[in-house]
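J.: entry-v8.csv is the file, holding CSV, C-alpha atoms:
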chain,number,residue,atom,x,y,z
A,25,THR,CA,77.9,108.9,120.5
A,26,ALA,CA,78.2,111.4,123.3
A,27,LEU,CA,81.4,112.7,121.6
A,28,PHE,CA,79.6,113.1,118.3
A,29,ASP,CA,76.8,115.0,120.0
A,30,ALA,CA,79.2,117.2,121.9
A,31,HIS,CA,81.1,118.0,118.7
A,32,ALA,CA,77.9,118.7,116.7
A,33,ALA,CA,76.8,121.1,119.5
A,34,GLY,CA,80.2,122.9,119.3
A,35,ARG,CA,81.2,121.9,122.9
A,36,VAL,CA,84.1,119.8,121.7
A,37,ALA,CA,86.6,120.6,119.0
A,38,LEU,CA,88.3,117.7,117.2
A,39,PRO,CA,92.0,117.9,116.4
A,40,ASP,CA,93.0,119.0,112.9
A,41,ASP,CA,94.3,116.4,110.4
A,42,GLU,CA,98.0,117.1,111.1
A,43,THR,CA,97.5,116.7,114.9
A,44,GLN,CA,95.5,113.4,114.3
A,45,ARG,CA,98.3,112.2,112.1
A,46,THR,CA,101.0,113.0,114.7
A,47,MET,CA,98.9,111.3,117.5
A,48,PHE,CA,98.3,108.2,115.4
A,49,LEU,CA,102.0,107.8,114.5
A,50,MET,CA,103.1,108.5,118.1
A,51,ALA,CA,100.7,105.9,119.5
A,52,ARG,CA,101.7,103.4,116.8
A,53,ARG,CA,105.4,103.8,117.7
A,54,LYS,CA,104.9,103.7,121.4
A,55,LEU,CA,102.7,100.6,121.2
A,56,GLN,CA,105.2,98.8,118.9
A,57,ASP,CA,108.1,99.8,121.2
A,58,ALA,CA,106.1,98.2,124.1
A,59,GLY,CA,105.9,94.9,122.2
A,60,TYR,CA,102.5,95.3,120.7
A,61,ASP,CA,101.9,94.2,117.1
A,62,HIS,CA,100.0,96.6,114.9
A,63,TYR,CA,98.1,93.9,113.0
A,64,GLU,CA,95.0,95.8,111.7
A,65,ILE,CA,94.4,99.5,111.1
A,66,SER,CA,92.7,100.0,114.5
A,67,ASN,CA,94.0,97.0,116.5
A,68,TYR,CA,97.2,96.2,118.4
A,69,ALA,CA,97.9,93.1,120.4
A,70,LYS,CA,100.7,91.3,122.2
A,71,PRO,CA,102.1,88.4,120.1
A,72,GLY,CA,99.6,85.4,120.1
A,73,HIS,CA,96.7,87.6,121.2
A,74,ARG,CA,95.2,88.9,118.0
A,75,SER,CA,91.4,88.9,117.8
A,76,ARG,CA,90.2,85.7,116.2
A,77,HIS,CA,86.7,87.0,116.0
A,78,ASN,CA,87.5,90.1,113.9
A,79,SER,CA,89.8,88.1,111.7
A,80,LEU,CA,86.8,86.5,110.2
A,81,TYR,CA,85.7,89.8,108.8
A,82,TRP,CA,89.1,90.5,107.2
A,83,THR,CA,89.5,87.1,105.7
A,84,GLN,CA,86.0,86.6,104.1
A,85,GLY,CA,84.9,84.2,106.9
A,86,GLU,CA,81.2,83.5,107.4
A,87,TYR,CA,79.5,84.5,110.6
A,88,LEU,CA,75.9,84.4,111.9
A,89,GLY,CA,74.7,87.3,114.0
A,90,LEU,CA,72.0,86.5,116.6
A,91,GLY,CA,70.0,89.1,118.5
A,92,THR,CA,68.8,92.6,117.9
A,93,ALA,CA,70.9,94.7,115.4
A,94,ALA,CA,73.1,91.6,114.7
A,95,HIS,CA,74.7,91.3,111.3
A,96,SER,CA,75.5,88.1,109.4
A,97,TYR,CA,77.5,87.1,106.4
A,98,TRP,CA,76.6,83.7,105.1
A,99,GLY,CA,76.7,82.2,101.6
A,100,GLU,CA,78.0,85.6,100.2
A,101,ARG,CA,74.9,87.3,101.5
A,102,ARG,CA,74.8,90.1,104.1
A,103,SER,CA,71.9,90.6,106.4
A,104,ALA,CA,71.0,92.6,109.5
A,105,ASN,CA,68.4,92.1,112.1
A,106,THR,CA,66.1,94.8,113.4
A,107,ASP,CA,67.4,96.9,116.2
A,108,ASP,CA,63.9,97.2,117.7
A,109,ILE,CA,63.7,94.6,120.6
A,110,GLU,CA,59.9,94.4,120.6
A,111,SER,CA,59.8,93.7,116.8
A,112,TYR,CA,62.7,91.2,117.2
A,113,VAL,CA,60.8,89.3,119.9
A,114,ASN,CA,57.5,89.3,118.0
A,115,CYS,CA,59.2,88.0,114.9
A,116,ASN,CA,60.9,85.2,116.8
A,117,GLU,CA,57.7,84.2,118.6
A,118,ALA,CA,55.9,84.1,115.3
A,119,GLY,CA,58.7,81.9,113.8
A,120,LEU,CA,59.9,84.6,111.5
A,121,LEU,CA,63.3,86.0,110.8
A,122,ALA,CA,63.8,89.5,112.2
A,123,ARG,CA,65.8,90.7,109.3
A,124,ILE,CA,65.5,94.3,108.1
A,125,CYS,CA,67.7,93.8,105.1
A,126,GLU,CA,69.3,91.1,103.1
A,127,LEU,CA,71.7,92.3,100.4
A,128,PRO,CA,73.1,90.2,97.7
A,129,PRO,CA,76.1,92.4,97.0
A,130,GLU,CA,76.7,93.7,93.5
A,131,GLU,CA,79.9,92.3,92.1
A,132,ILE,CA,81.8,95.6,92.1
A,133,ALA,CA,80.7,96.5,95.6
A,134,ARG,CA,81.5,92.9,96.8
A,135,ARG,CA,85.0,93.2,95.3
A,136,GLY,CA,85.5,96.6,96.8
A,137,GLU,CA,84.4,95.4,100.2
A,138,CYS,CA,86.7,92.4,100.0
A,139,ILE,CA,89.7,94.5,99.1
A,140,MET,CA,88.9,97.0,101.9
A,141,LEU,CA,88.6,94.3,104.5
A,142,ALA,CA,91.8,92.5,103.4
A,143,LEU,CA,93.8,95.8,103.3
A,144,ARG,CA,92.8,96.6,106.9
A,145,GLN,CA,95.3,94.0,107.9
A,146,CYS,CA,98.7,95.6,108.3
A,147,ASP,CA,100.4,92.5,106.8
A,148,GLY,CA,98.0,92.9,103.8
A,149,VAL,CA,97.0,89.8,101.9
A,150,ARG,CA,98.6,87.3,99.5
A,151,ILE,CA,97.6,88.3,96.0
A,152,GLU,CA,96.8,84.6,95.1
A,153,THR,CA,94.3,84.6,98.1
A,154,LEU,CA,92.9,88.0,97.0
A,155,ASN,CA,92.5,86.6,93.5
A,156,ALA,CA,90.5,83.7,94.8
A,157,TRP,CA,88.2,85.9,96.9
A,158,LEU,CA,87.7,88.4,94.1
A,159,ARG,CA,87.3,85.7,91.4
A,160,CYS,CA,89.5,87.8,89.1
A,161,ASP,CA,93.2,88.7,88.6
A,162,PHE,CA,93.6,91.6,91.1
A,163,GLU,CA,96.7,93.0,89.5
A,164,ALA,CA,95.2,92.9,86.0
A,165,GLU,CA,91.7,94.1,87.0
A,166,TYR,CA,92.9,97.0,89.1
A,167,ALA,CA,96.2,97.8,87.3
A,168,GLN,CA,95.5,101.5,87.0
A,169,GLU,CA,94.3,101.9,90.5
A,170,ILE,CA,97.3,99.9,91.9
A,171,GLN,CA,99.8,102.0,89.8
A,172,GLU,CA,98.3,105.3,91.1
A,173,LEU,CA,98.3,104.1,94.7
A,174,GLN,CA,101.9,102.9,94.4
A,175,GLU,CA,103.0,106.2,92.8
A,176,SER,CA,101.3,108.0,95.7
A,177,GLU,CA,103.2,105.7,98.1
A,178,LEU,CA,99.9,104.5,99.7
A,179,LEU,CA,100.1,100.8,98.6
A,180,GLU,CA,102.9,98.3,98.0
A,181,ILE,CA,103.2,94.9,96.6
A,182,THR,CA,106.1,92.9,97.8
A,183,ASP,CA,106.8,89.1,98.0
A,184,GLY,CA,103.4,88.3,96.6
A,185,ARG,CA,101.5,90.4,99.1
A,186,VAL,CA,99.6,93.7,98.7
A,187,ARG,CA,99.3,96.0,101.7
A,188,LEU,CA,99.0,99.6,102.7
A,189,THR,CA,102.1,101.6,103.5
A,190,GLU,CA,102.3,103.6,106.7
A,191,GLU,CA,101.0,106.6,104.8
A,192,GLY,CA,98.3,104.3,103.3
A,193,LEU,CA,97.2,103.4,106.8
A,194,LEU,CA,96.7,107.1,107.6
A,195,LEU,CA,94.7,107.7,104.4
A,196,SER,CA,93.0,104.3,104.2
A,197,ASP,CA,89.5,105.5,103.5
A,198,SER,CA,90.8,107.3,100.4
A,199,VAL,CA,92.6,104.2,99.3
A,200,PHE,CA,89.5,102.0,99.9
A,201,GLU,CA,87.3,104.4,97.8
A,202,THR,CA,89.6,103.7,94.9
A,203,PHE,CA,88.3,100.1,94.6
A,204,PHE,CA,84.5,100.9,94.8
Could the structure of this file be written out as structure tokens, please?
T.:
Amino acid sequence: TALFDAHAAGRVALPDDETQRTMFLMARRKLQDAGYDHYEISNYAKPGHRSRHNSLYWTQGEYLGLGTAAHSYWGERRSANTDDIESYVNCNEAGLLARICELPPEEIARRGECIMLALRQCDGVRIETLNAWLRCDFEAEYAQEIQELQESELLEITDGRVRLTEEGLLLSDSVFETFF
């Protein structure tokens, strides 16, 4: 992006971690005070106006991506189309798929991705639902990780749901790494 290039060239300084934290929490509180629901790490909406499209990603829904650089998740397989328009058109005219990769996810990576996507939702996910998606007992399989994250006050399990705490939202990438 232009911002990345400007930062890499030393023309733009990014705020330090504490400033980013303060800005995130201030924006979160102001949006919530204005009636917006913080329903996903990077998304807010007025009641009844959550993104239905993105919800597919967070709830293990299948989707088909059409066009250059489009991504798909179908039948537990991820794929991506080429981002080269000429190559994409040539493949289509020849009756071929323009995929550049098709990845059957390894089980550990698939589970980690599933947990990461589910925990992006501020409400978290019901453990019974997560168990079905993971095809294992989440609390038994990840007991040590869960305990460490709860002790660090980054993750909580209440009323049969697992979710990030406010601090967990701020350190979500670190939490997600725990499950890969």
J.: What does the distance between atom CA of Ile181 of chain A and atom CA of Ser75 of chain A come to in Å, to one decimal place?
T.: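 Interatomic distance, atom CA of Ile181 of chain A to atom CA of Ser75 of chain A: 25.0 Å.
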J.: Would you kindly return, as a PyMOL selection string, each protein, DNA or RNA residue with an atom no farther than 12 Å from any atom of segment 165-173 of chain A, considering all atoms listed in the file and excluding same-chain residues fewer than 2 positions away?
T.: chain A and resi 132+135-136+139+154-155+158-163+175-181+186-189+191-192+195-196+198-204
J.: In Å, how far is it from atom CA of Ile124 of chain A to atom CA of Glu100 of chain A?
T.: 17.2 Å
J.: Work out how far apart atom CA of Glu86 of chain A and atom CA of Gly99 of chain A are and give it in Å to one decimal.
T.: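 Atom-to-atom, atom CA of Glu86 of chain A to atom CA of Gly99 of chain A, that is 7.5 Å.
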J.: Applying 7 Å and only C-alpha atoms, which residues near segment 49-64 of chain A remain after dropping the ones on its own chain fewer than 5 positions away? List them as a ChimeraX atom specification.
T.: /A:69-71,144-147
J.: Out of A:Glu110, A:Asp29, A:Glu131, A:Glu42, which residue has the shortest atom-to-atom distance to Leu194 of chain A when counting only C-alpha atoms?
T.: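 That would be A:Glu42, the residue with the smallest distance to Leu194 of chain A.
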J.: Which residues, written as a ChimeraX atom specification, have at least one atom at most 12 Å from Arg101 of chain A, with all atoms listed in the file counted and residues fewer than 4 positions away on the same chain left out?
T.: /A:84-88,95-97,125-131,134
J.: Could you save the residues just selected, with C-alpha atoms, as a compact mmCIF listing (two decimals), keeping the file's coordinate frame?
T.:
# COMPACT_ATOMS: atom_id res chain seq x y z
CA GLN A 84 86.00 86.60 104.10
CA GLY A 85 84.90 84.20 106.90
CA GLU A 86 81.20 83.50 107.40
CA TYR A 87 79.50 84.50 110.60
CA LEU A 88 75.90 84.40 111.90
CA HIS A 95 74.70 91.30 111.30
CA SER A 96 75.50 88.10 109.40
CA TYR A 97 77.50 87.10 106.40
CA CYS A 125 67.70 93.80 105.10
CA GLU A 126 69.30 91.10 103.10
CA LEU A 127 71.70 92.30 100.40
CA PRO A 128 73.10 90.20 97.70
CA PRO A 129 76.10 92.40 97.00
CA GLU A 130 76.70 93.70 93.50
CA GLU A 131 79.90 92.30 92.10
CA ARG A 134 81.50 92.90 96.80
J.: When distances are computed from all atoms listed in the file, which of A:Ile151, A:Met47, A:Met140, A:Ala164 shows the smallest separation from Ile65 of chain A?
T.: A:Met140
J.: Output requested as a CSV table (one decimal), keeping the file's coordinate frame - segment 173-201 of chain A, filled out with N, CA and C atoms.
T.:
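result.csv, freshly written:
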chain,number,residue,atom,x,y,z
A,173,LEU,N,98.1,104.3,93.2
A,173,LEU,CA,98.3,104.1,94.7
A,173,LEU,C,99.8,103.9,95.0
A,174,GLN,N,100.5,103.1,94.2
A,174,GLN,CA,101.9,102.9,94.4
A,174,GLN,C,102.7,104.2,94.2
A,175,GLU,N,102.3,104.9,93.1
A,175,GLU,CA,103.0,106.2,92.8
A,175,GLU,C,102.8,107.2,94.0
A,176,SER,N,101.6,107.1,94.6
A,176,SER,CA,101.3,108.0,95.7
A,176,SER,C,101.9,107.5,97.1
A,177,GLU,N,102.6,106.3,97.0
A,177,GLU,CA,103.2,105.7,98.1
A,177,GLU,C,102.2,105.3,99.2
A,178,LEU,N,101.0,104.9,98.8
A,178,LEU,CA,99.9,104.5,99.7
A,178,LEU,C,99.7,102.9,99.7
A,179,LEU,N,100.2,102.3,98.7
A,179,LEU,CA,100.1,100.8,98.6
A,179,LEU,C,101.4,100.2,98.1
A,180,GLU,N,101.7,99.0,98.5
A,180,GLU,CA,102.9,98.3,98.0
A,180,GLU,C,102.6,96.9,97.8
A,181,ILE,N,103.3,96.3,96.8
A,181,ILE,CA,103.2,94.9,96.6
A,181,ILE,C,104.6,94.4,96.6
A,182,THR,N,104.8,93.5,97.6
A,182,THR,CA,106.1,92.9,97.8
A,182,THR,C,105.9,91.4,98.2
A,183,ASP,N,106.8,90.6,97.7
A,183,ASP,CA,106.8,89.1,98.0
A,183,ASP,C,105.4,88.5,97.9
A,184,GLY,N,104.7,88.9,96.8
A,184,GLY,CA,103.4,88.3,96.6
A,184,GLY,C,102.3,88.8,97.5
A,185,ARG,N,102.5,89.9,98.2
A,185,ARG,CA,101.5,90.4,99.1
A,185,ARG,C,101.2,91.9,98.8
A,186,VAL,N,100.0,92.3,98.9
A,186,VAL,CA,99.6,93.7,98.7
A,186,VAL,C,99.2,94.2,100.1
A,187,ARG,N,99.7,95.4,100.4
A,187,ARG,CA,99.3,96.0,101.7
A,187,ARG,C,99.4,97.5,101.6
A,188,LEU,N,98.9,98.2,102.6
A,188,LEU,CA,99.0,99.6,102.7
A,188,LEU,C,100.3,99.9,103.3
A,189,THR,N,100.9,101.1,102.9
A,189,THR,CA,102.1,101.6,103.5
A,189,THR,C,101.7,102.3,104.8
A,190,GLU,N,102.7,102.8,105.5
A,190,GLU,CA,102.3,103.6,106.7
A,190,GLU,C,101.5,104.8,106.3
A,191,GLU,N,101.8,105.5,105.2
A,191,GLU,CA,101.0,106.6,104.8
A,191,GLU,C,99.6,106.1,104.3
A,192,GLY,N,99.6,104.9,103.7
A,192,GLY,CA,98.3,104.3,103.3
A,192,GLY,C,97.4,104.1,104.5
A,193,LEU,N,98.0,103.7,105.6
A,193,LEU,CA,97.2,103.4,106.8
A,193,LEU,C,96.5,104.7,107.3
A,194,LEU,N,97.2,105.8,107.2
A,194,LEU,CA,96.7,107.1,107.6
A,194,LEU,C,95.6,107.6,106.6
A,195,LEU,N,95.7,107.2,105.4
A,195,LEU,CA,94.7,107.7,104.4
A,195,LEU,C,93.9,106.5,103.8
A,196,SER,N,93.7,105.5,104.7
A,196,SER,CA,93.0,104.3,104.2
A,196,SER,C,91.7,104.5,103.6
A,197,ASP,N,90.8,105.3,104.1
A,197,ASP,CA,89.5,105.5,103.5
A,197,ASP,C,89.6,106.0,102.1
A,198,SER,N,90.6,106.9,101.8
A,198,SER,CA,90.8,107.3,100.4
A,198,SER,C,91.3,106.2,99.5
A,199,VAL,N,92.1,105.3,100.1
A,199,VAL,CA,92.6,104.2,99.3
A,199,VAL,C,91.4,103.2,99.0
A,200,PHE,N,90.6,102.9,100.0
A,200,PHE,CA,89.5,102.0,99.9
A,200,PHE,C,88.5,102.5,98.8
A,201,GLU,N,88.3,103.8,98.8
A,201,GLU,CA,87.3,104.4,97.8
A,201,GLU,C,87.7,104.1,96.4
